[in-house]
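Content type compact mmCIF, C-alpha atoms, from the file final06.txt:
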```txt
# COMPACT_ATOMS: atom_id res chain seq x y z
CA MET A 1 113.01 131.89 98.39
CA PRO A 2 109.86 130.16 99.71
CA THR A 3 107.92 128.08 97.22
CA ALA A 4 104.21 128.44 96.58
CA PHE A 5 103.68 125.37 98.75
CA ASP A 6 105.76 126.85 101.59
CA ASN A 7 103.80 130.10 101.41
CA GLY A 8 100.60 128.09 101.46
CA VAL A 9 101.61 126.36 104.67
CA ILE A 10 102.57 129.69 106.27
CA SER A 11 99.24 131.24 105.28
CA PHE A 12 97.30 128.18 106.43
CA LEU A 13 98.93 128.14 109.85
CA ALA A 14 98.18 131.85 110.21
CA GLY A 15 94.51 131.23 109.44
CA ASN A 16 94.64 133.07 106.10
CA TYR A 17 92.78 130.31 104.28
CA ALA A 18 91.80 132.19 101.11
CA GLU A 19 95.42 133.14 100.60
CA ALA A 20 96.55 129.59 101.37
CA ARG A 21 94.10 128.24 98.81
CA THR A 22 95.69 130.41 96.11
CA TYR A 23 99.20 129.25 97.00
CA PHE A 24 98.31 125.55 97.17
CA HIS A 25 96.45 125.76 93.85
CA LYS A 26 99.54 127.32 92.28
CA ALA A 27 101.77 124.67 93.85
CA ALA A 28 99.57 121.89 92.45
CA GLU A 29 99.67 123.42 88.97
CA GLU A 30 103.46 123.77 89.07
CA ALA A 31 103.86 120.16 90.18
CA ARG A 32 101.50 118.98 87.45
CA GLU A 33 103.51 120.83 84.80
CA GLN A 34 106.68 119.14 86.08
CA ALA A 35 104.99 115.71 86.26
CA ASP A 36 105.84 115.54 89.97
CA VAL A 37 103.02 113.32 91.24
CA ARG A 38 104.14 113.30 94.87
CA ARG A 39 104.36 117.08 95.08
CA GLU A 40 101.04 117.51 93.29
CA ALA A 41 99.38 115.07 95.69
CA ASP A 42 100.80 116.93 98.70
CA SER A 43 99.56 120.24 97.30
CA LEU A 44 96.08 118.87 96.60
CA ARG A 45 95.85 117.32 100.07
CA HIS A 46 96.62 120.67 101.65
CA LEU A 47 94.31 122.41 99.18
CA GLY A 48 91.47 120.08 100.16
CA THR A 49 92.00 120.74 103.85
CA THR A 50 92.08 124.47 103.18
CA CYS A 51 88.81 124.30 101.22
CA ARG A 52 87.21 122.52 104.19
CA HIS A 53 88.14 125.46 106.41
CA LEU A 54 86.53 127.74 103.84
CA GLN A 55 83.42 125.50 103.88
CA GLU A 56 83.89 124.69 100.20
CA PHE A 57 83.04 121.09 100.87
CA ASP A 58 82.54 119.84 97.31
CA LEU A 59 85.93 121.21 96.28
CA ALA A 60 87.50 119.78 99.43
CA ARG A 61 86.17 116.30 98.61
CA SER A 62 87.36 116.54 95.01
CA HIS A 63 90.90 117.61 95.90
CA LEU A 64 91.27 115.04 98.68
CA LEU A 65 89.94 112.19 96.56
CA THR A 66 92.33 113.11 93.74
CA ALA A 67 95.24 113.35 96.16
CA ARG A 68 94.41 109.94 97.63
CA GLN A 69 94.29 108.37 94.18
CA MET A 70 97.70 109.84 93.40
CA TYR A 71 99.20 108.48 96.62
CA GLU A 72 97.71 105.08 95.81
CA SER A 73 99.38 105.20 92.39
CA LEU A 74 102.72 105.81 94.11
CA GLY A 75 102.48 102.53 96.02
CA ALA A 76 102.51 101.17 99.55
CA GLY A 77 105.23 103.58 100.65
CA TYR A 78 102.60 106.31 100.72
CA ARG A 79 100.07 104.46 102.82
CA GLN A 80 100.21 107.03 105.61
CA GLU A 81 99.40 109.84 103.19
CA GLN A 82 96.48 107.81 101.84
CA LEU A 83 95.12 107.49 105.36
CA GLN A 84 95.58 111.21 105.95
CA CYS A 85 93.39 111.93 102.94
CA THR A 86 90.75 109.51 104.21
CA ARG A 87 90.80 111.18 107.62
CA HIS A 88 90.38 114.63 106.11
CA LEU A 89 87.55 113.33 103.93
CA ALA A 90 85.78 112.09 107.05
CA ARG A 91 86.20 115.54 108.61
CA VAL A 92 84.62 117.06 105.50
CA GLU A 93 81.62 114.77 106.02
CA ALA A 94 81.36 115.79 109.67
CA ASP A 95 81.62 119.51 108.97
CA SER A 96 79.10 119.37 106.13
CA GLY A 97 76.48 117.74 108.35
CA TYR A 98 76.98 114.02 107.70
CA GLN A 99 78.08 113.16 111.21
CA LYS A 100 76.96 109.52 111.17
CA VAL A 101 78.95 108.91 107.99
CA ALA A 102 81.98 110.54 109.59
CA LEU A 103 81.57 108.44 112.74
CA VAL A 104 81.71 105.19 110.77
CA ASP A 105 84.69 106.46 108.78
CA TYR A 106 86.64 107.46 111.89
CA GLN A 107 85.96 104.17 113.64
CA GLU A 108 87.15 102.25 110.59
CA LEU A 109 90.24 104.44 110.33
CA MET A 110 91.07 103.84 113.97
CA ARG A 111 90.90 100.10 113.37
CA ILE A 112 93.11 100.32 110.28
CA THR A 113 95.71 102.64 111.79
CA ALA A 114 95.94 100.44 114.89
CA GLU A 115 96.33 97.25 112.85
CA GLU A 116 98.90 98.77 110.51
CA GLY A 117 100.90 100.45 113.27
CA PHE A 118 100.48 104.10 112.29
CA ILE A 119 100.45 105.46 115.82
CA THR A 120 100.51 109.15 114.88
CA GLN A 121 97.67 108.72 112.40
CA HIS A 122 95.79 106.70 115.02
CA ALA A 123 96.17 109.56 117.49
CA TRP A 124 94.92 112.08 114.95
CA CYS A 125 91.93 109.87 114.12
CA SER A 126 91.16 109.55 117.82
CA TYR A 127 91.30 113.33 118.23
CA TYR A 128 88.97 113.83 115.27
CA LEU A 129 86.61 111.25 116.77
CA GLY A 130 86.61 113.12 120.08
CA HIS A 131 85.89 116.34 118.22
CA LEU A 132 83.00 114.64 116.43
CA TYR A 133 81.56 113.36 119.72
CA ASN A 134 81.60 116.95 120.96
CA GLN A 135 79.81 118.08 117.79
CA MET A 136 77.19 115.39 118.42
CA GLY A 137 76.81 116.34 122.09
CA ILE A 138 78.15 112.99 123.35
CA PHE A 139 80.44 114.64 125.86
CA TRP A 140 81.41 111.72 128.11
CA GLU A 141 82.54 109.71 125.09
CA ALA A 142 84.46 112.75 123.90
CA ARG A 143 86.20 113.10 127.26
CA ASN A 144 87.23 109.44 127.35
CA VAL A 145 88.62 109.50 123.81
CA LEU A 146 90.39 112.83 124.21
CA LYS A 147 92.00 111.85 127.50
CA ASP A 148 93.59 108.89 125.72
CA VAL A 149 94.73 111.15 122.88
CA VAL A 150 96.49 113.46 125.32
CA ASN A 151 98.28 110.51 126.89
CA ILE A 152 99.33 109.06 123.52
CA SER A 153 100.48 112.43 122.21
CA ARG A 154 102.78 112.79 125.21
CA GLU A 155 104.16 109.30 124.72
CA ILE A 156 105.04 110.01 121.08
CA GLN A 157 106.01 113.61 121.91
CA ASP A 158 103.67 115.20 119.38
CA ALA A 159 102.91 118.65 120.74
CA GLU A 160 100.51 119.57 117.95
CA ILE A 161 98.18 116.67 118.72
CA GLU A 162 98.48 117.32 122.45
CA GLY A 163 97.55 120.96 121.95
CA PHE A 164 94.48 120.17 119.85
CA ALA A 165 93.31 117.40 122.19
CA THR A 166 93.81 119.52 125.30
CA GLU A 167 91.85 122.37 123.73
CA GLU A 168 89.06 119.96 122.80
CA CYS A 169 89.02 118.63 126.38
CA GLY A 170 88.43 122.23 127.43
CA TYR A 171 85.43 122.47 125.14
CA THR A 172 84.05 119.24 126.59
CA ALA A 173 84.44 120.59 130.12
CA GLU A 174 82.86 123.91 129.15
CA ARG A 175 79.81 122.25 127.62
CA GLN A 176 79.37 120.07 130.69
CA GLY A 177 79.39 123.05 133.03
CA PHE A 178 82.95 123.00 134.38
CA PRO A 179 84.28 126.42 133.36
CA GLN A 180 87.36 126.41 135.60
CA LEU A 181 88.53 123.08 134.22
CA ALA A 182 87.78 124.33 130.71
CA MET A 183 89.92 127.40 131.39
CA ASP A 184 92.75 125.21 132.70
CA CYS A 185 92.66 123.16 129.50
CA TYR A 186 92.51 126.20 127.23
CA GLN A 187 95.42 127.85 128.98
CA ARG A 188 97.44 124.64 128.78
CA ALA A 189 96.62 124.29 125.07
CA LEU A 190 97.63 127.89 124.41
CA ALA A 191 100.93 127.35 126.21
CA ILE A 192 101.61 124.25 124.08
CA PHE A 193 100.90 126.09 120.83
CA GLN A 194 103.04 129.05 121.86
CA GLU A 195 105.92 126.94 123.13
CA HIS A 196 106.12 124.45 120.27
CA GLY A 197 104.75 126.39 117.30
CA GLY A 198 107.72 128.68 116.93
CA GLY A 199 105.38 131.58 116.23
CA ARG A 200 103.87 129.78 113.22
CA TRP A 201 100.73 128.29 114.81
CA ILE A 202 99.00 131.66 114.80
CA ALA A 203 95.54 130.34 113.90
CA ASN A 204 95.66 127.82 116.74
CA GLU A 205 96.79 130.44 119.24
CA ASN A 206 94.11 132.92 118.15
CA ARG A 207 91.37 130.29 118.26
CA VAL A 208 92.23 129.32 121.84
CA LYS A 209 92.55 132.95 122.89
CA ARG A 210 89.02 133.56 121.62
CA ARG A 211 87.78 130.62 123.67
CA ILE A 212 89.52 132.01 126.76
CA ASP A 213 88.08 135.49 126.22
CA LEU A 214 84.55 134.17 125.73
CA LEU A 215 84.79 131.93 128.77
CA SER A 216 86.26 134.71 130.91
CA GLY A 217 83.45 137.06 129.95
CA GLY A 218 80.66 134.64 130.75
CA HIS A 219 81.74 132.85 133.93
CA GLN A 220 83.68 135.19 136.20
CA THR A 221 81.51 134.40 139.23
CA LEU A 222 81.82 130.68 138.64
CA PHE A 223 85.61 130.94 138.49
CA ASN A 224 85.52 132.30 142.02
CA THR A 225 83.00 129.82 143.46
CA GLY A 226 83.00 126.70 141.27
CA SER A 227 85.94 124.76 142.69
CA ALA A 228 83.75 121.87 143.87
CA LYS A 229 82.46 121.28 140.37
CA LYS A 230 85.98 121.44 139.03
CA LYS A 231 87.10 118.68 141.37
CA SER A 232 84.24 116.30 140.55
CA PHE A 233 84.93 116.46 136.82
CA GLY A 234 88.67 116.92 137.11
CA ALA A 235 89.18 113.81 139.19
CA ARG A 236 87.82 111.72 136.34
CA LEU A 237 89.54 113.66 133.58
CA PHE A 238 92.94 113.54 135.24
CA LYS A 239 92.66 109.87 136.21
CA SER A 240 95.33 107.58 134.74
CA GLY A 241 97.48 110.44 133.54
CA GLY A 242 94.81 112.47 131.80
CA VAL A 243 94.97 116.18 131.05
CA ARG A 244 97.23 118.10 133.38
CA ALA A 245 96.25 121.68 134.10
```

Would you mind writing the file's structure down as structure tokens?
Amino acid sequence: MPTAFDNGVISFLAGNYAEARTYFHKAAEEAREQADVRREADSLRHLGTTCRHLQEFDLARSHLLTARQMYESLGAGYRQEQLQCTRHLARVEADSGYQKVALVDYQELMRITAEEGFITQHAWCSYYLGHLYNQMGIFWEARNVLKDVVNISREIQDAEIEGFATEECGYTAERQGFPQLAMDCYQRALAIFQEHGGGRWIANENRVKRRIDLLSGGHQTLFNTGSAKKKSFGARLFKSGGVRA
């Protein structure tokens, strides 16, 4: 029988964030009653991330800070989880309008994860940085960062990171006026989520499908005539093993 935590993960991946919040809150309470610090920290970390999706930013900060303190109390063996909390806290800052604070936090996290050899966490931080650059309208920086994330994700065979980074590359291309390249990236991201998610990454699939539908509705003429633009941007994006359509 699935636990409250398991049900929370299932709901979260399906995009049912209010439901996920209830499950993760229950999981945290159960772990607290059993004095299971690790399980409580895991539940609070997921609860904080869920609250961010619900735009409950104060609650998200509180849960993530508490989770990080718990991981710190468990010792150096939980360093990666500590960094995850810090990364999610930076995303809370970005989504709540404090983009410059988030930028400094991400850059510091990238330095730390590189120095300490946490390659997966480094890739996630790089993706979040690329996403932030897109939020700030710094699209060429976003493209450069995200291209590297795609390459790294393939090297470490992390399909989830590759899917997110490829989707974000599509957004960069779309904002810069390259709809065909954006469509290529979105379709590639959707294929990654469908192939590797095992039917569980429903929220990711639905988000990309919405992007595809919106792009299809607004740029049909450009899809037929915009191949020259696609090449000029694509040549740079695909250089050195960048995003493959």

Compare A:Ala123, A:Cys185, A:Ala203, A:Met136 by their minimum atom-to-atom distance to Glu155 of chain A, counting all atoms listed in the file, and give me the closest one. A:Ala123

Here atom CA of Ala20 of chain A and atom CA of Tyr98 of chain A stand apart by 25.8 Å

Closest to Tyr78 of chain A among A:Leu13, A:Asp95, A:Val37, A:Met110, using all atoms listed in the file?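 So, comparing all the options, the nearest one is A:Val37.
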
Which residue of A:Gln194, A:Asn7, A:Thr172, A:Ser96 approaches Asp58 of chain A most closely, using all atoms listed in the file: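 Of A:Gln194, A:Asn7, A:Thr172, A:Ser96, the one nearest Asp58 of chain A is A:Ser96, counting all atoms listed in the file.
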
I'd like the neighbourhood of Glu108 of chain A as an MDAnalysis selection string, where a residue qualifies if any of its atoms comes within 12 Å (using only C-alpha atoms), though same-chain residues fewer than 5 positions away should be ignored. chainID A and resid 83 86:87 90 101:103 113:115 122 125:126 129

I want to know what sits within 7 Å of Met183 of chain A, based on all atoms listed in the file, with residues of the same chain fewer than 3 positions away left out; could you give that as JSON, numbers by chain? {"A": [170, 179, 180, 186, 187, 212]}

Quick one: residues within 6 Å of Phe5 of chain A, all atoms listed in the file counted, chain neighbours fewer than 2 positions away excluded, as a PyMOL selection string? chain A and resi 3+7-8+24+27

Complete the atom set of segment 115-148 of chain A to N, CA and C atoms and return it as a PDB file, keeping the file's coordinate frame.
```
ATOM      1  N   GLU A 115      95.842  98.517 113.416  1.00  0.00           N
ATOM      2  CA  GLU A 115      96.330  97.250 112.850  1.00  0.00           C
ATOM      3  C   GLU A 115      97.622  97.437 112.066  1.00  0.00           C
ATOM      4  N   GLU A 116      97.743  98.558 111.367  1.00  0.00           N
ATOM      5  CA  GLU A 116      98.900  98.770 110.510  1.00  0.00           C
ATOM      6  C   GLU A 116     100.037  99.519 111.210  1.00  0.00           C
ATOM      7  N   GLY A 117      99.821  99.884 112.463  1.00  0.00           N
ATOM      8  CA  GLY A 117     100.900 100.450 113.270  1.00  0.00           C
ATOM      9  C   GLY A 117     101.217 101.909 113.024  1.00  0.00           C
ATOM     10  N   PHE A 118     100.267 102.667 112.510  1.00  0.00           N
ATOM     11  CA  PHE A 118     100.480 104.100 112.290  1.00  0.00           C
ATOM     12  C   PHE A 118     100.008 104.857 113.526  1.00  0.00           C
ATOM     13  N   ILE A 119     100.870 104.941 114.524  1.00  0.00           N
ATOM     14  CA  ILE A 119     100.450 105.460 115.820  1.00  0.00           C
ATOM     15  C   ILE A 119     100.083 106.944 115.761  1.00  0.00           C
ATOM     16  N   THR A 120     100.830 107.728 114.978  1.00  0.00           N
ATOM     17  CA  THR A 120     100.510 109.150 114.880  1.00  0.00           C
ATOM     18  C   THR A 120      99.173 109.353 114.179  1.00  0.00           C
ATOM     19  N   GLN A 121      98.950 108.628 113.094  1.00  0.00           N
ATOM     20  CA  GLN A 121      97.670 108.720 112.400  1.00  0.00           C
ATOM     21  C   GLN A 121      96.524 108.229 113.290  1.00  0.00           C
ATOM     22  N   HIS A 122      96.803 107.206 114.095  1.00  0.00           N
ATOM     23  CA  HIS A 122      95.790 106.700 115.020  1.00  0.00           C
ATOM     24  C   HIS A 122      95.418 107.778 116.041  1.00  0.00           C
ATOM     25  N   ALA A 123      96.433 108.490 116.526  1.00  0.00           N
ATOM     26  CA  ALA A 123      96.170 109.560 117.490  1.00  0.00           C
ATOM     27  C   ALA A 123      95.358 110.682 116.867  1.00  0.00           C
ATOM     28  N   TRP A 124      95.701 111.046 115.630  1.00  0.00           N
ATOM     29  CA  TRP A 124      94.920 112.080 114.950  1.00  0.00           C
ATOM     30  C   TRP A 124      93.480 111.630 114.735  1.00  0.00           C
ATOM     31  N   CYS A 125      93.286 110.389 114.317  1.00  0.00           N
ATOM     32  CA  CYS A 125      91.930 109.870 114.120  1.00  0.00           C
ATOM     33  C   CYS A 125      91.143 109.898 115.427  1.00  0.00           C
ATOM     34  N   SER A 126      91.816 109.546 116.514  1.00  0.00           N
ATOM     35  CA  SER A 126      91.160 109.550 117.820  1.00  0.00           C
ATOM     36  C   SER A 126      90.757 110.972 118.209  1.00  0.00           C
ATOM     37  N   TYR A 127      91.648 111.927 117.941  1.00  0.00           N
ATOM     38  CA  TYR A 127      91.300 113.330 118.230  1.00  0.00           C
ATOM     39  C   TYR A 127      90.089 113.761 117.413  1.00  0.00           C
ATOM     40  N   TYR A 128      90.098 113.452 116.120  1.00  0.00           N
ATOM     41  CA  TYR A 128      88.970 113.830 115.270  1.00  0.00           C
ATOM     42  C   TYR A 128      87.676 113.169 115.753  1.00  0.00           C
ATOM     43  N   LEU A 129      87.784 111.928 116.239  1.00  0.00           N
ATOM     44  CA  LEU A 129      86.610 111.250 116.770  1.00  0.00           C
ATOM     45  C   LEU A 129      86.094 111.964 118.014  1.00  0.00           C
ATOM     46  N   GLY A 130      87.017 112.360 118.899  1.00  0.00           N
ATOM     47  CA  GLY A 130      86.610 113.120 120.080  1.00  0.00           C
ATOM     48  C   GLY A 130      85.944 114.428 119.712  1.00  0.00           C
ATOM     49  N   HIS A 131      86.497 115.097 118.716  1.00  0.00           N
ATOM     50  CA  HIS A 131      85.890 116.340 118.220  1.00  0.00           C
ATOM     51  C   HIS A 131      84.479 116.083 117.695  1.00  0.00           C
ATOM     52  N   LEU A 132      84.319 114.984 116.972  1.00  0.00           N
ATOM     53  CA  LEU A 132      83.000 114.640 116.430  1.00  0.00           C
ATOM     54  C   LEU A 132      82.012 114.346 117.553  1.00  0.00           C
ATOM     55  N   TYR A 133      82.448 113.619 118.578  1.00  0.00           N
ATOM     56  CA  TYR A 133      81.560 113.360 119.720  1.00  0.00           C
ATOM     57  C   TYR A 133      81.100 114.673 120.348  1.00  0.00           C
ATOM     58  N   ASN A 134      82.002 115.645 120.441  1.00  0.00           N
ATOM     59  CA  ASN A 134      81.600 116.950 120.960  1.00  0.00           C
ATOM     60  C   ASN A 134      80.566 117.605 120.051  1.00  0.00           C
ATOM     61  N   GLN A 135      80.779 117.523 118.733  1.00  0.00           N
ATOM     62  CA  GLN A 135      79.810 118.080 117.790  1.00  0.00           C
ATOM     63  C   GLN A 135      78.435 117.432 117.973  1.00  0.00           C
ATOM     64  N   MET A 136      78.432 116.142 118.281  1.00  0.00           N
ATOM     65  CA  MET A 136      77.190 115.390 118.420  1.00  0.00           C
ATOM     66  C   MET A 136      76.590 115.514 119.820  1.00  0.00           C
ATOM     67  N   GLY A 137      77.300 116.181 120.727  1.00  0.00           N
ATOM     68  CA  GLY A 137      76.810 116.340 122.090  1.00  0.00           C
ATOM     69  C   GLY A 137      77.005 115.122 122.966  1.00  0.00           C
ATOM     70  N   ILE A 138      77.879 114.199 122.560  1.00  0.00           N
ATOM     71  CA  ILE A 138      78.150 112.990 123.350  1.00  0.00           C
ATOM     72  C   ILE A 138      79.420 113.260 124.154  1.00  0.00           C
ATOM     73  N   PHE A 139      79.277 114.051 125.212  1.00  0.00           N
ATOM     74  CA  PHE A 139      80.440 114.640 125.860  1.00  0.00           C
ATOM     75  C   PHE A 139      81.265 113.660 126.676  1.00  0.00           C
ATOM     76  N   TRP A 140      80.624 112.675 127.321  1.00  0.00           N
ATOM     77  CA  TRP A 140      81.410 111.720 128.110  1.00  0.00           C
ATOM     78  C   TRP A 140      82.262 110.844 127.199  1.00  0.00           C
ATOM     79  N   GLU A 141      81.730 110.462 126.047  1.00  0.00           N
ATOM     80  CA  GLU A 141      82.540 109.710 125.090  1.00  0.00           C
ATOM     81  C   GLU A 141      83.698 110.574 124.596  1.00  0.00           C
ATOM     82  N   ALA A 142      83.404 111.836 124.341  1.00  0.00           N
ATOM     83  CA  ALA A 142      84.460 112.750 123.900  1.00  0.00           C
ATOM     84  C   ALA A 142      85.566 112.827 124.932  1.00  0.00           C
ATOM     85  N   ARG A 143      85.190 112.983 126.197  1.00  0.00           N
ATOM     86  CA  ARG A 143      86.200 113.100 127.260  1.00  0.00           C
ATOM     87  C   ARG A 143      87.078 111.867 127.321  1.00  0.00           C
ATOM     88  N   ASN A 144      86.460 110.679 127.256  1.00  0.00           N
ATOM     89  CA  ASN A 144      87.230 109.440 127.350  1.00  0.00           C
ATOM     90  C   ASN A 144      88.217 109.309 126.195  1.00  0.00           C
ATOM     91  N   VAL A 145      87.745 109.608 124.984  1.00  0.00           N
ATOM     92  CA  VAL A 145      88.620 109.500 123.810  1.00  0.00           C
ATOM     93  C   VAL A 145      89.741 110.523 123.886  1.00  0.00           C
ATOM     94  N   LEU A 146      89.403 111.757 124.219  1.00  0.00           N
ATOM     95  CA  LEU A 146      90.390 112.830 124.210  1.00  0.00           C
ATOM     96  C   LEU A 146      91.435 112.661 125.296  1.00  0.00           C
ATOM     97  N   LYS A 147      91.022 112.119 126.442  1.00  0.00           N
ATOM     98  CA  LYS A 147      92.000 111.850 127.500  1.00  0.00           C
ATOM     99  C   LYS A 147      93.060 110.884 127.000  1.00  0.00           C
ATOM    100  N   ASP A 148      92.635 109.855 126.280  1.00  0.00           N
ATOM    101  CA  ASP A 148      93.590 108.890 125.720  1.00  0.00           C
ATOM    102  C   ASP A 148      94.492 109.551 124.682  1.00  0.00           C
TER     103      ASP A 148
END
```
